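Note sheet for the following structure.
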Amino acid sequence: MLSKDSRSCESIRSTVRRADRCGESADVADAIPELLRLCDLEVRIPRMEVVSLEKLAARDRKSVDAVLAAAELRDLVSAQSEWLASVIPGFASALAWPY
């Protein structure tokens, strides 16, 4: 079961994703750090990994984006946060944001 803080953070992330996808209010977009705004990334990975992400997302009733962001990417960014903060302006503030 998710804690209240985890549910709140997920609610904020969900609202931001919906607003960003739908081009909703500029106020919502302006309220979050630039580094947390969604952008596209195209990568080539083995089909096994694509199918695995799709199945995990379907099982958890989430998008592939959400599964991927919640798994390895967040761990990688957190593990490398000290260095990333030294080379990306605004990184530390964005990392502290409840996304």
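Within each chain, counting starts at residue 1; across the structure tokens, chains are named A, B, ... in the order shown, with ligands numbered 1 upward in that order.
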(request) Skip Leu95 in chain A itself and residues of its chain fewer than 3 positions away, then list as a ChimeraX atom specification all residues within 10 Å of it, counting only C-alpha atoms. (result) /A:33,35-36,74,77-78,81,85,90-92,98-99
Writer output for current selection, C-alpha atoms, as a PDB file, in the first residue's frame:
ATOM      1  CA  PRO A  33      10.578  23.260 -12.914  1.00  0.00           C
ATOM      2  CA  LEU A  35      13.599  20.076 -16.051  1.00  0.00           C
ATOM      3  CA  LEU A  36      10.446  18.197 -14.998  1.00  0.00           C
ATOM      4  CA  ARG A  74      14.685   7.414 -11.362  1.00  0.00           C
ATOM      5  CA  VAL A  77      19.283   9.781 -11.849  1.00  0.00           C
ATOM      6  CA  SER A  78      19.283   9.515  -8.048  1.00  0.00           C
ATOM      7  CA  SER A  81      22.591  13.141  -8.681  1.00  0.00           C
ATOM      8  CA  ALA A  85      23.725  18.653 -10.166  1.00  0.00           C
ATOM      9  CA  GLY A  90      18.514  23.671 -11.802  1.00  0.00           C
ATOM     10  CA  PHE A  91      18.971  19.913 -11.413  1.00  0.00           C
ATOM     11  CA  ALA A  92      19.041  19.865  -7.595  1.00  0.00           C
ATOM     12  CA  PRO A  98       7.757  15.923  -5.572  1.00  0.00           C
ATOM     13  CA  TYR A  99       7.470  14.339  -9.014  1.00  0.00           C
TER      14      TYR A  99
END
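Taking CA of Ala57 in chain A as the reference point, CA of Arg44 in chain A is found at 18.7 Å.
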(request) Quick one: pull the distance between CA of Arg37 in chain A and CA of Ile88 in chain A, Å, one decimal. (result)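 So the answer is 14.9 Å.
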(request) Would you list the contacts of Val64 in chain A as a PyMOL selection string, taking every protein, DNA or RNA residue within 10 Å and counting only C-alpha atoms, but skipping same-chain residues closer than 4 positions in sequence? (result) chain A and resi 50-58+60+68-70
Kindly save the residues from that selection, with C-alpha atoms included, as an mmCIF file, in the first residue's frame.
data_model
loop_
_atom_site.group_PDB
_atom_site.id
_atom_site.type_symbol
_atom_site.label_atom_id
_atom_site.label_comp_id
_atom_site.auth_asym_id
_atom_site.auth_seq_id
_atom_site.Cartn_x
_atom_site.Cartn_y
_atom_site.Cartn_z
ATOM 1 C CA VAL A 50 9.857 -3.246 -25.115
ATOM 2 C CA VAL A 51 7.457 -6.176 -24.691
ATOM 3 C CA SER A 52 8.439 -6.519 -21.028
ATOM 4 C CA LEU A 53 7.707 -2.841 -20.381
ATOM 5 C CA GLU A 54 4.346 -3.150 -22.156
ATOM 6 C CA LYS A 55 3.357 -6.204 -20.103
ATOM 7 C CA LEU A 56 4.450 -4.633 -16.818
ATOM 8 C CA ALA A 57 2.515 -1.473 -17.658
ATOM 9 C CA ALA A 58 -0.618 -3.439 -18.559
ATOM 10 C CA ASP A 60 -0.026 -2.383 -13.226
ATOM 11 C CA LEU A 68 10.001 3.218 -17.126
ATOM 12 C CA ALA A 69 10.227 6.492 -15.200
ATOM 13 C CA ALA A 70 9.349 4.813 -11.912
#
